[in-house]
Amino acid sequence: MIHVRNLTKIYDGFQEGDFVALGGVSFDAMPGQVFGLLGPNGAGKTTAMRILSTVLKPTAGTAIVNGYEVTEAPSDVRRQIGFVSVNTTIYDRMTSWEMVELFGRLNGMQDDELQLRMEMLFARFKMNNIRGLLGSKMSTGMRQKVSIVRALIHDPPVLIFDEATSGLDILVAREVFRTVEELRDEGKCVIYSSHIMSEISRLCDLVAVMNRGRIIAAGSLGELADEHEVHDAEELFYELIANHEREYATLVTG
Amino acid sequence: MTWQNIKLILTRELKDQLRDRRTLFTVVVLPMLLYPFLGLSLIQITQFFREHRVAIWIVGAENLPQEPDLFVDEKFSTRWLSAEQHALVDLKFSEASDQEFSEVIETFRKGKNLPLTRELVDQWIQRQMAERNVDLAVVIPNLICDSETDDTDLNSANVFVLMNSASDKSKIATERWQSVVNQWQVALFERQLQRHQMTKSQALPVRFDTADIAQKSEQRAAAWSKILPLMIMVWCLTGAFYPAVDLCAGEKERGTFETLLSSPASRTEIALGKLLTVIVFSIATALLNLLSMGITTTLVMGKLGQLSGGLGLAALGPPPVLSLFWLVLAMVPVAALFGAVSLAAAAFARSSKEGQYYLVPLIMVSMPLMVLPMLPATQLDIGTSLIPVTNVMLLLRTLIEGNVEAVLRYSTLVGLVTVVCVAAAVRWVVYQFNSESVLFRASERFGVGAWLSYVLQHRGDLPTVGHALLCGLLILLTKFFVGFGVGIPADWYEFGRQTFVILLATVAVPAVLMAIVLTRRPLLSLRLTWCRPSYLAAAVFLAVCLHPAFSVLSRVILVLYPPSEGLQAMNGLMESLLTATPPLWLLLLTLAFIPAFLEELAFRGFILSGAQGVKNQWLAVVIASLFFGAAHAVFQQSVLTFFVGMVLGFLAVRTGSLWPCIVYHAVHNSLTVLGANLAETGWITQFSWLMQFEASGGIQYHTVPAWFMTGMGIALLMWIWKQTMEDSHQQLDWSKWQRVWNQLRGARRDLA
């Protein structure tokens with residue numbers, strides 16, 4: 001479903017010089033699976049997600065989403081995905097209904113099909129009471145629900161959640177988790193990024209731990225725990241990152 | 001790209017903007033309030049002008065003739081001023097025979113043989129006016145006394161009216177005094193005629209009557225044709241800018257931009273949807289302003305007419321309906337152009353605040369184009385039709401004035417130029433939206449030290465586009481300031497020295513220094529690489545063959561943009577310098593060879609090398625040629641040098657070397673110098689089959705040889721193209737063989 005090979009992204013900036021946000025990342029994610037990208041802030045998770053959603057172009061490497069390559073067929077890739085991120089908020093001066101309808105239409109949905117799908121999703125996410133509410137009047141939780149519905153409106157086979165629970169209270173966060181689980185059970189391929197270990201351990205079938213633009217460990221959480229002989233998920237994450245930081249420091253200082 | 005997606009984005013953005021209170025206020029509420037408020041202020045100001053009391057100090061009223069009487073009971077006679085107007089003028093009198101005034105009056109009367117200097121008297125009068133709190137002083141010398149017998153004195157007598165042009169009240173007082181005195185003078189004149197038993201026709205055998213044949217509507221159209229186009233342009237620009245900032249920078253700030261970018265709509269569709277929104281708001285702002293202004297002027301001007309104030313605006317009346325129709329029509333291309341430029345600038349901004357900063361530079365760039373058509377001498381012709389924005393404004397003005405013939409003649413050209421500019425601006429917007437570095441510009445703290453170290457660490461073999469632009473701007477800026485510091489040369493040798501120093505310091509040195517500091521391979525950056533000698537020979541022939549074409553182009557430019565009188569005078573001065581004593585070799589060295597070398601180093605060397613970073617090499621040639629043209633101070637010369645620069649750019653890009661450019665440039669300049677300087681020598685007249693010399697000193701080629709030579713020039717260009725293509729293929733083949741050789745060496749090393 002998603003095949004990423006040697007994905008590289010280098011940002012050019014005169015203040016800090018060239019910054020390698022992604023340094024040759026490779027992974028595969030399959031339908032009916034939640035693939036977790038785990039890493040501290042600045043590890044390159046968001047850059048990878050942005051490239052998969054075609055918002056950014058890779059400097060090198062390939063990423064194929066449901067048969068379409070991100071640089072060769074970006075429009076087709078965007079039809080295959082639903083992207084929810086801390087950076088994809090909703091319009092303040094549009095109602096939830098208008099917002100979802102707009103993205104349905106941009107995805108080429110016809111009136112009847114769109115109407116049915118919207119009714120279904122608004123009922124499923126208990127949003128009928130906020131149909132006419134402007135984005136600016138919504139709580140953070142409401143806004144995130146609208147974002148998720150906006151991403152699901154065209155029933156895409158791939159869902160990308162980038163730190164989707166950031167800033168949400170536990171009640172709304174649990175709703176997001178439940179949604180991700182449901183989507184996985186429906187056979188969708190879900191990419192889920194977070195820096196919170198408990199979220200990843202609850203949701204993900206496979207994880208890739210990232211640091212400084214590289215994948216430093218990959219596999220199921222059970223396999224990783226056995227390999228490193230650490231059975232507490234947070235402890236595992238901490239050890240992986242700390243080891244990599246030490247290696248990096250040795251490399252830099254020689 | 002689908003229209004459906006563009007329409008969806010357009011509808012969304014329109015809805016979004018209409019729900020924004022700030023936009024609604026700027027687009028709808030402000031114009032509706034602004035003009036009525038301005039109108040009311042105008043009425044108030046007019047009332048002030050009408051009702052303000054002024055005080056006039058009359059010294060020596062007793063010296064005026066008693067019949068007709070100007071004053072009665074220390075007031076203006078009711079023959080000259082109505083009772084209502086009397087209340088607005090206070091008169092204060094002093095007798096001329098008073099001791100303190102007699103000396104002053106004597107000073108005025110005697111002119112040069114003064115007991116006091118005139119400056120002292122002016123100061124004294126000013127002090128007196130301030131002490132007496134008057135706005136105007138009128139000094140009447142005693143020679144005007146009722147001189148039934150002494151006509152000579154009456155004719156030579158002057159009344160001195162002393163006003164203060166720095167004071168508005170003094171100006172009003174002068175106007176009121178003048179209107180009264182004009183009537184009184186006519187009466188005095190008639191009385192004098194009676195006394196001398198003359199008729200008016202005897203006294204004034206010739207009278208000049210000026211009649212205005214323009215109809216009322218035409219007068220109004222002419223007045224509005226100067227005001228409305230400028231206002232429309234300003235409204236279109238401001239109406240486009242604020243929504244553009246909100247739609248780009250505002251969305252980036254609110255985090256919704258990425259949401260839209262991750263939708264199936266392509267960047268181009270998003271850009272066009274937003275552009276259409278900006279255009280709609282630009283037109284709406286202009287239309288609402290126009291409507292509000294139309295209503296206000298109809299009401300307010302009517303009121304001002306009733307008040308019959310001293311303001312000329314009262315006679316203007318509302319704009320004619322036909323003018324408004326043309327205005328609305330012209331708004332579409334103007335809004336499209338400003339909309340596209342605003343959106344492209346706004347796409348670059350990281351935040352709304354940063355976006356607002358871009359408005360001032362945008363206005364600064366647009367303003368000269370908007371003000372140029374306001375100048376009285378600017379007319380719609382081929383030259384002005386080629387200048388964007390100005391051409392639309394002039395077409396609009398000509399339409400409002402009702403000059404249909406001129407409109408029909410130039411509308412196609414204006415339309416063509418406008419379409420090209422709008423297309424270029426729209427392309428820029430689409431490019432900005434497709435450029436990741438523009439949309440996701442990171443916020444970086446700027447530090448000169450960090451920047452310099454970054455530049456030095458990251459310098460490449462060749463300059464970048466940014467380096468090229470910086471170099472071009474640096475050259476223009478230094479030339480501009482140095483131009484002010486240099487005076488007009490006294491003789492030829494001083495002119496020669498000035499030319500050399502200016503070219504060296506402002507053109508060559510910046511380019512060479514930048515090549516050394518900013519690139520790893522300065523010689524390659526300046527294109528100082530050797531080339532085949534046949535290209536040098538081709539450059540010589542090319543310059544000779546294309547010279548007639550450029551000579552014709554130069555004439556066409558002078559017809560399109562005739563030089564001003566000041567410029568002609570300057571040219572005359574320069575020609576007199578050039579035809580003076582210098583030997584020919586020195587003339588050629590200073591005007592042909594030195595400029596060829598120094599200018600080519602900068603324009604086809606550093607700037608073109610950097611500009612080639614834009615990938616499209618012809619666009620790079622255009623950029624270098626634009627700088628080359630702009631570096632020449634005289635506009636007509638700039639246009640010509642732009643086209644010469646295009647040929648030079650072609651040579652540089654195709655041959656990869658600067659030497660053919662230097663040779664071409666030197667030969668081109670030499671031919672011009674020879675034509676101007678050797679017109680009168682005997683040997684050059686042997687070329688009479690090819691050219692003739694003009695009285696002005698230039699040369700004019702005969703038509704048939706000129707066409708033939710131009711054809712040869714084109715053939716040479718094609719030959720250079722073909723040869724350089726073959727060269728590059730050979731290089732490609734060679735590099736392929738080199739790769740194979742390297743692979744073989746690698747394989748042998750692996751085996752070992």
# chains A, B, ... in the order shown; residues from 1 in each chain; ligands from 1
call {"tool": "closest_atom_pairs", "arguments": {"of": "chain B", "to": "chain A", "cutoff": "9 Å", "atoms": "only C-alpha atoms", "output": "CSV"}}
result
residue,atom,partner,partner_atom,distance
B:Gln4,CA,A:Leu106,CA,8.3
B:Asn5,CA,A:Leu106,CA,6.0
B:Leu8,CA,A:Leu102,CA,7.2
B:Ile9,CA,A:Leu102,CA,8.4
B:Arg12,CA,A:Leu102,CA,7.8
B:Lys15,CA,A:Met94,CA,8.3
B:Asp16,CA,A:Arg93,CA,5.6
B:Gln17,CA,A:Arg93,CA,8.4
B:Arg19,CA,A:Arg93,CA,6.4
B:Asp20,CA,A:Arg93,CA,7.4
B:Glu251,CA,A:Tyr91,CA,8.7
B:Arg254,CA,A:Thr89,CA,7.6
B:Gly255,CA,A:Asn87,CA,5.4
B:Thr256,CA,A:Thr89,CA,5.2
B:Phe257,CA,A:Thr88,CA,7.4
B:Glu258,CA,A:Thr88,CA,5.5
B:Thr259,CA,A:Thr88,CA,4.4
B:Leu260,CA,A:Thr88,CA,8.2
B:Leu261,CA,A:Val55,CA,6.0
B:Ser262,CA,A:Val55,CA,6.0
B:Ser263,CA,A:Arg78,CA,6.0
B:Pro264,CA,A:Arg78,CA,5.1
B:Ala265,CA,A:Leu106,CA,6.3
B:Ser266,CA,A:Ser75,CA,6.6
B:Glu436,CA,A:Leu56,CA,6.8
B:Ser437,CA,A:Asp12,CA,8.9
B:Phe440,CA,A:Leu56,CA,8.9
B:Ala442,CA,A:Gly13,CA,8.3
B:Glu444,CA,A:Gln15,CA,6.7
B:Arg445,CA,A:Gln15,CA,7.2
B:Phe446,CA,A:Gln15,CA,7.4
B:Gly447,CA,A:Gln15,CA,7.9
B:Ala450,CA,A:Gln15,CA,6.0
B:Trp451,CA,A:Phe14,CA,6.0
B:Leu452,CA,A:Phe14,CA,8.9
B:Ser453,CA,A:Phe14,CA,8.6
B:Tyr454,CA,A:Phe14,CA,5.3
B:Val455,CA,A:Phe14,CA,7.5
B:His458,CA,A:Gly17,CA,8.5
call {"tool": "residues_around", "arguments": {"residues": "B:Asp246", "least_positions_apart": "6", "cutoff": "12 Å", "atoms": "only C-alpha atoms", "output": "number ranges by chain"}}
result
B: 13-14, 16-17, 20, 22-23, 239-240, 252-254, 256-257, 274, 277-278, 342-343, 345-347, 349-356
call {"tool": "write_last_selection", "arguments": {"atoms": "N, CA, C and O atoms", "output": "compact mmCIF listing (two decimals), in the first residue's frame"}}
result
# COMPACT_ATOMS: atom_id res chain seq x y z
N GLU B 13 -13.40 31.01 -1.11
CA GLU B 13 -12.66 32.22 -0.71
C GLU B 13 -13.58 33.44 -0.67
O GLU B 13 -13.45 34.29 0.21
N LEU B 14 -14.49 33.52 -1.63
CA LEU B 14 -15.41 34.67 -1.63
C LEU B 14 -16.25 34.67 -0.37
O LEU B 14 -16.40 35.69 0.31
N ASP B 16 -15.60 33.20 2.42
CA ASP B 16 -14.73 33.43 3.56
C ASP B 16 -14.44 34.93 3.74
O ASP B 16 -14.51 35.46 4.85
N GLN B 17 -14.13 35.58 2.64
CA GLN B 17 -13.80 37.01 2.72
C GLN B 17 -15.02 37.85 3.11
O GLN B 17 -14.92 38.81 3.84
N ASP B 20 -15.52 38.06 6.68
CA ASP B 20 -14.47 38.73 7.44
C ASP B 20 -14.84 40.19 7.63
O ASP B 20 -14.99 40.94 6.64
N ARG B 22 -13.09 42.69 8.74
CA ARG B 22 -12.08 43.66 8.29
C ARG B 22 -12.19 43.91 6.79
O ARG B 22 -12.16 45.04 6.32
N THR B 23 -12.36 42.80 6.04
CA THR B 23 -12.46 42.95 4.58
C THR B 23 -13.72 43.73 4.23
O THR B 23 -13.69 44.63 3.39
N GLY B 239 -7.62 47.38 -3.16
CA GLY B 239 -8.69 46.38 -3.09
C GLY B 239 -8.16 44.98 -3.33
O GLY B 239 -8.72 44.01 -2.84
N ALA B 240 -7.08 44.86 -4.10
CA ALA B 240 -6.50 43.54 -4.38
C ALA B 240 -5.55 43.12 -3.27
O ALA B 240 -5.47 41.95 -2.92
N LYS B 252 -1.57 30.92 5.91
CA LYS B 252 -0.37 30.26 6.46
C LYS B 252 -0.38 30.40 7.98
O LYS B 252 -0.10 29.45 8.70
N GLU B 253 -0.73 31.61 8.42
CA GLU B 253 -0.74 31.89 9.86
C GLU B 253 -1.77 31.05 10.59
O GLU B 253 -1.52 30.54 11.68
N ARG B 254 -2.95 30.90 9.98
CA ARG B 254 -4.05 30.18 10.65
C ARG B 254 -3.91 28.67 10.51
O ARG B 254 -4.66 27.91 11.11
N THR B 256 -4.40 26.82 7.77
CA THR B 256 -5.35 26.17 6.85
C THR B 256 -4.75 25.95 5.47
O THR B 256 -5.34 25.29 4.63
N PHE B 257 -3.57 26.55 5.23
CA PHE B 257 -2.98 26.47 3.90
C PHE B 257 -2.59 25.02 3.58
O PHE B 257 -2.83 24.53 2.48
N LYS B 274 -7.68 31.55 -5.99
CA LYS B 274 -7.40 32.68 -5.10
C LYS B 274 -7.24 33.95 -5.92
O LYS B 274 -7.68 35.03 -5.51
N THR B 277 -10.53 35.38 -6.82
CA THR B 277 -11.13 36.03 -5.64
C THR B 277 -10.56 37.43 -5.47
O THR B 277 -11.29 38.39 -5.24
N VAL B 278 -9.24 37.52 -5.58
CA VAL B 278 -8.58 38.83 -5.41
C VAL B 278 -9.08 39.81 -6.48
O VAL B 278 -9.35 40.98 -6.19
N SER B 342 -0.09 41.34 -6.49
CA SER B 342 -0.31 41.34 -5.03
C SER B 342 -0.27 39.92 -4.48
O SER B 342 0.33 39.66 -3.43
N LEU B 343 -0.93 38.99 -5.19
CA LEU B 343 -1.00 37.61 -4.69
C LEU B 343 0.39 36.97 -4.68
O LEU B 343 0.75 36.26 -3.74
N ALA B 345 3.23 38.51 -4.37
CA ALA B 345 4.01 39.11 -3.27
C ALA B 345 3.52 38.55 -1.94
O ALA B 345 4.32 38.22 -1.06
N ALA B 346 2.19 38.40 -1.81
CA ALA B 346 1.62 37.92 -0.54
C ALA B 346 1.99 36.47 -0.29
O ALA B 346 2.16 36.06 0.86
N ALA B 347 2.15 35.68 -1.37
CA ALA B 347 2.50 34.26 -1.20
C ALA B 347 3.87 34.13 -0.55
O ALA B 347 4.15 33.15 0.13
N ALA B 349 5.04 36.11 1.77
CA ALA B 349 5.03 36.53 3.18
C ALA B 349 4.72 35.36 4.10
O ALA B 349 3.90 34.50 3.77
N ARG B 350 5.37 35.33 5.26
CA ARG B 350 5.13 34.26 6.22
C ARG B 350 3.93 34.58 7.11
O ARG B 350 3.29 33.70 7.64
N SER B 351 3.66 35.87 7.30
CA SER B 351 2.55 36.25 8.18
C SER B 351 1.85 37.47 7.59
O SER B 351 2.40 38.13 6.70
N SER B 352 0.65 37.75 8.10
CA SER B 352 -0.10 38.92 7.61
C SER B 352 0.71 40.19 7.83
O SER B 352 0.72 41.09 7.00
N LYS B 353 1.40 40.23 8.98
CA LYS B 353 2.18 41.42 9.31
C LYS B 353 3.27 41.63 8.26
O LYS B 353 3.46 42.75 7.76
N GLU B 354 3.96 40.54 7.91
CA GLU B 354 5.00 40.66 6.90
C GLU B 354 4.39 41.05 5.55
O GLU B 354 4.96 41.84 4.81
N GLY B 355 3.22 40.49 5.29
CA GLY B 355 2.53 40.81 4.03
C GLY B 355 2.24 42.29 3.89
O GLY B 355 2.39 42.87 2.82
N GLN B 356 1.83 42.92 5.02
CA GLN B 356 1.50 44.35 4.97
C GLN B 356 2.73 45.18 4.56
O GLN B 356 2.59 46.21 3.91
call {"tool": "atom_distance", "arguments": {"atom1": "atom CA of A:Ala233", "atom2": "atom CA of A:Lys45"}}
result
18.9 Å
call {"tool": "residues_around", "arguments": {"residues": "B:Leu369", "least_positions_apart": "2", "cutoff": "9 Å", "atoms": "only C-alpha atoms", "output": "tab-separated table (two decimals) with N, CA and C atoms, in the first residue's frame"}}
result
chain	number	residue	atom	x	y	z
B	365	VAL	N	6.45	51.13	-6.66
B	365	VAL	CA	6.76	50.70	-8.02
B	365	VAL	C	5.62	51.11	-8.97
B	366	SER	N	4.38	50.98	-8.50
B	366	SER	CA	3.23	51.25	-9.37
B	366	SER	C	2.98	52.74	-9.57
B	367	MET	N	3.35	53.53	-8.56
B	367	MET	CA	2.96	54.95	-8.58
B	367	MET	C	3.48	55.72	-9.81
B	371	VAL	N	1.17	57.84	-12.24
B	371	VAL	CA	1.26	59.31	-12.28
B	371	VAL	C	1.62	59.80	-13.69
B	372	LEU	N	2.39	58.98	-14.42
B	372	LEU	CA	2.82	59.39	-15.77
B	372	LEU	C	1.65	59.84	-16.65
B	373	PRO	N	0.53	59.11	-16.68
B	373	PRO	CA	-0.58	59.56	-17.54
B	373	PRO	C	-1.24	60.85	-17.06
B	387	ILE	N	3.76	50.90	-22.42
B	387	ILE	CA	4.08	50.93	-20.98
B	387	ILE	C	2.88	50.38	-20.21
B	388	PRO	N	3.06	49.26	-19.47
B	388	PRO	CA	1.92	48.70	-18.75
B	388	PRO	C	1.35	49.67	-17.71
B	389	VAL	N	0.10	49.52	-17.38
B	389	VAL	CA	-0.68	50.35	-16.46
B	389	VAL	C	-0.88	51.75	-17.05
B	390	THR	N	0.24	52.43	-17.39
B	390	THR	CA	0.13	53.76	-17.99
B	390	THR	C	-0.74	53.68	-19.25
B	391	ASN	N	-0.54	52.63	-20.06
B	391	ASN	CA	-1.28	52.55	-21.31
B	391	ASN	C	-2.79	52.41	-21.08
call {"tool": "residues_around", "arguments": {"residues": "A:Gly61", "least_positions_apart": "5", "cutoff": "8 Å", "atoms": "only C-alpha atoms", "output": "ChimeraX atom specification"}}
result
/A:4-8,24
call {"tool": "select_by_dssp", "arguments": {"residues": "stretch 61-253 of chain A", "states": "helix (DSSP H, G or I)", "output": "PyMOL selection string"}}
result
chain A and resi 74-80+96-106+111-124+128-130+135-137+140-152+170-185+197-203+221-228+233-253
call {"tool": "decode", "arguments": {"residues": "stretch 550-561 of chain B", "atoms": "all heavy atoms", "output": "PDB file, in the first residue's frame"}}
result
ATOM      1  N   PHE B 550      20.250  47.787 -36.269  1.00  0.00           N
ATOM      2  CA  PHE B 550      20.209  48.557 -35.029  1.00  0.00           C
ATOM      3  C   PHE B 550      20.107  50.061 -35.304  1.00  0.00           C
ATOM      4  O   PHE B 550      19.529  50.807 -34.520  1.00  0.00           O
ATOM      5  CB  PHE B 550      21.422  48.241 -34.159  1.00  0.00           C
ATOM      6  CG  PHE B 550      21.278  46.930 -33.446  1.00  0.00           C
ATOM      7  CD1 PHE B 550      22.154  45.883 -33.672  1.00  0.00           C
ATOM      8  CD2 PHE B 550      20.225  46.724 -32.566  1.00  0.00           C
ATOM      9  CE1 PHE B 550      22.002  44.675 -33.038  1.00  0.00           C
ATOM     10  CE2 PHE B 550      20.061  45.516 -31.920  1.00  0.00           C
ATOM     11  CZ  PHE B 550      20.949  44.472 -32.156  1.00  0.00           C
ATOM     12  N   SER B 551      20.670  50.472 -36.445  1.00  0.00           N
ATOM     13  CA  SER B 551      20.565  51.880 -36.827  1.00  0.00           C
ATOM     14  C   SER B 551      19.094  52.241 -37.080  1.00  0.00           C
ATOM     15  O   SER B 551      18.600  53.277 -36.621  1.00  0.00           O
ATOM     16  CB  SER B 551      21.422  52.089 -38.079  1.00  0.00           C
ATOM     17  OG  SER B 551      21.261  53.368 -38.561  1.00  0.00           O
ATOM     18  N   VAL B 552      18.376  51.322 -37.793  1.00  0.00           N
ATOM     19  CA  VAL B 552      16.944  51.550 -38.051  1.00  0.00           C
ATOM     20  C   VAL B 552      16.175  51.517 -36.730  1.00  0.00           C
ATOM     21  O   VAL B 552      15.317  52.378 -36.461  1.00  0.00           O
ATOM     22  CB  VAL B 552      16.395  50.475 -39.031  1.00  0.00           C
ATOM     23  CG1 VAL B 552      14.883  50.565 -39.148  1.00  0.00           C
ATOM     24  CG2 VAL B 552      17.045  50.641 -40.390  1.00  0.00           C
ATOM     25  N   LEU B 553      16.516  50.541 -35.886  1.00  0.00           N
ATOM     26  CA  LEU B 553      15.827  50.416 -34.591  1.00  0.00           C
ATOM     27  C   LEU B 553      15.993  51.698 -33.769  1.00  0.00           C
ATOM     28  O   LEU B 553      15.041  52.182 -33.137  1.00  0.00           O
ATOM     29  CB  LEU B 553      16.393  49.213 -33.826  1.00  0.00           C
ATOM     30  CG  LEU B 553      15.755  48.916 -32.477  1.00  0.00           C
ATOM     31  CD1 LEU B 553      14.285  48.556 -32.636  1.00  0.00           C
ATOM     32  CD2 LEU B 553      16.485  47.782 -31.761  1.00  0.00           C
ATOM     33  N   SER B 554      17.205  52.245 -33.821  1.00  0.00           N
ATOM     34  CA  SER B 554      17.480  53.480 -33.084  1.00  0.00           C
ATOM     35  C   SER B 554      16.552  54.607 -33.565  1.00  0.00           C
ATOM     36  O   SER B 554      16.004  55.369 -32.763  1.00  0.00           O
ATOM     37  CB  SER B 554      18.945  53.831 -33.279  1.00  0.00           C
ATOM     38  OG  SER B 554      19.170  55.159 -32.970  1.00  0.00           O
ATOM     39  N   ARG B 555      16.343  54.676 -34.892  1.00  0.00           N
ATOM     40  CA  ARG B 555      15.453  55.713 -35.423  1.00  0.00           C
ATOM     41  C   ARG B 555      14.011  55.490 -34.985  1.00  0.00           C
ATOM     42  O   ARG B 555      13.292  56.413 -34.640  1.00  0.00           O
ATOM     43  CB  ARG B 555      15.501  55.706 -36.962  1.00  0.00           C
ATOM     44  CG  ARG B 555      16.644  56.472 -37.508  1.00  0.00           C
ATOM     45  CD  ARG B 555      16.949  56.065 -38.927  1.00  0.00           C
ATOM     46  NE  ARG B 555      18.365  56.197 -39.160  1.00  0.00           N
ATOM     47  CZ  ARG B 555      18.965  57.361 -39.351  1.00  0.00           C
ATOM     48  NH1 ARG B 555      18.246  58.457 -39.373  1.00  0.00           N
ATOM     49  NH2 ARG B 555      20.254  57.431 -39.519  1.00  0.00           N
ATOM     50  N   VAL B 556      13.608  54.196 -35.044  1.00  0.00           N
ATOM     51  CA  VAL B 556      12.221  53.873 -34.630  1.00  0.00           C
ATOM     52  C   VAL B 556      12.012  54.292 -33.172  1.00  0.00           C
ATOM     53  O   VAL B 556      10.977  54.884 -32.816  1.00  0.00           O
ATOM     54  CB  VAL B 556      11.956  52.355 -34.817  1.00  0.00           C
ATOM     55  CG1 VAL B 556      10.615  51.958 -34.212  1.00  0.00           C
ATOM     56  CG2 VAL B 556      11.994  51.996 -36.290  1.00  0.00           C
ATOM     57  N   ILE B 557      13.000  54.003 -32.330  1.00  0.00           N
ATOM     58  CA  ILE B 557      12.878  54.349 -30.898  1.00  0.00           C
ATOM     59  C   ILE B 557      12.745  55.864 -30.739  1.00  0.00           C
ATOM     60  O   ILE B 557      11.933  56.344 -29.947  1.00  0.00           O
ATOM     61  CB  ILE B 557      14.094  53.813 -30.108  1.00  0.00           C
ATOM     62  CG1 ILE B 557      14.050  52.283 -30.094  1.00  0.00           C
ATOM     63  CG2 ILE B 557      14.114  54.343 -28.685  1.00  0.00           C
ATOM     64  CD1 ILE B 557      15.335  51.634 -29.645  1.00  0.00           C
ATOM     65  N   LEU B 558      13.520  56.598 -31.525  1.00  0.00           N
ATOM     66  CA  LEU B 558      13.462  58.067 -31.417  1.00  0.00           C
ATOM     67  C   LEU B 558      12.118  58.611 -31.897  1.00  0.00           C
ATOM     68  O   LEU B 558      11.658  59.652 -31.425  1.00  0.00           O
ATOM     69  CB  LEU B 558      14.604  58.707 -32.211  1.00  0.00           C
ATOM     70  CG  LEU B 558      15.983  58.562 -31.570  1.00  0.00           C
ATOM     71  CD1 LEU B 558      17.048  59.140 -32.466  1.00  0.00           C
ATOM     72  CD2 LEU B 558      16.034  59.248 -30.199  1.00  0.00           C
ATOM     73  N   VAL B 559      11.480  57.876 -32.852  1.00  0.00           N
ATOM     74  CA  VAL B 559      10.140  58.302 -33.293  1.00  0.00           C
ATOM     75  C   VAL B 559       9.120  57.983 -32.200  1.00  0.00           C
ATOM     76  O   VAL B 559       8.248  58.787 -31.875  1.00  0.00           O
ATOM     77  CB  VAL B 559       9.769  57.606 -34.625  1.00  0.00           C
ATOM     78  CG1 VAL B 559       8.312  57.855 -34.981  1.00  0.00           C
ATOM     79  CG2 VAL B 559      10.682  58.101 -35.740  1.00  0.00           C
ATOM     80  N   LEU B 560       9.267  56.781 -31.617  1.00  0.00           N
ATOM     81  CA  LEU B 560       8.306  56.360 -30.577  1.00  0.00           C
ATOM     82  C   LEU B 560       8.450  57.209 -29.316  1.00  0.00           C
ATOM     83  O   LEU B 560       7.470  57.602 -28.692  1.00  0.00           O
ATOM     84  CB  LEU B 560       8.536  54.891 -30.214  1.00  0.00           C
ATOM     85  CG  LEU B 560       8.191  53.844 -31.259  1.00  0.00           C
ATOM     86  CD1 LEU B 560       8.452  52.453 -30.720  1.00  0.00           C
ATOM     87  CD2 LEU B 560       6.734  53.970 -31.669  1.00  0.00           C
ATOM     88  N   TYR B 561       9.684  57.443 -28.930  1.00  0.00           N
ATOM     89  CA  TYR B 561       9.937  58.202 -27.701  1.00  0.00           C
ATOM     90  C   TYR B 561      10.835  59.389 -28.053  1.00  0.00           C
ATOM     91  O   TYR B 561      12.060  59.327 -27.854  1.00  0.00           O
ATOM     92  CB  TYR B 561      10.628  57.318 -26.657  1.00  0.00           C
ATOM     93  CG  TYR B 561       9.900  56.043 -26.361  1.00  0.00           C
ATOM     94  CD1 TYR B 561      10.292  54.838 -26.945  1.00  0.00           C
ATOM     95  CD2 TYR B 561       8.786  56.022 -25.515  1.00  0.00           C
ATOM     96  CE1 TYR B 561       9.612  53.654 -26.697  1.00  0.00           C
ATOM     97  CE2 TYR B 561       8.107  54.842 -25.265  1.00  0.00           C
ATOM     98  CZ  TYR B 561       8.526  53.670 -25.852  1.00  0.00           C
ATOM     99  OH  TYR B 561       7.842  52.510 -25.604  1.00  0.00           O
TER     100      TYR B 561
END
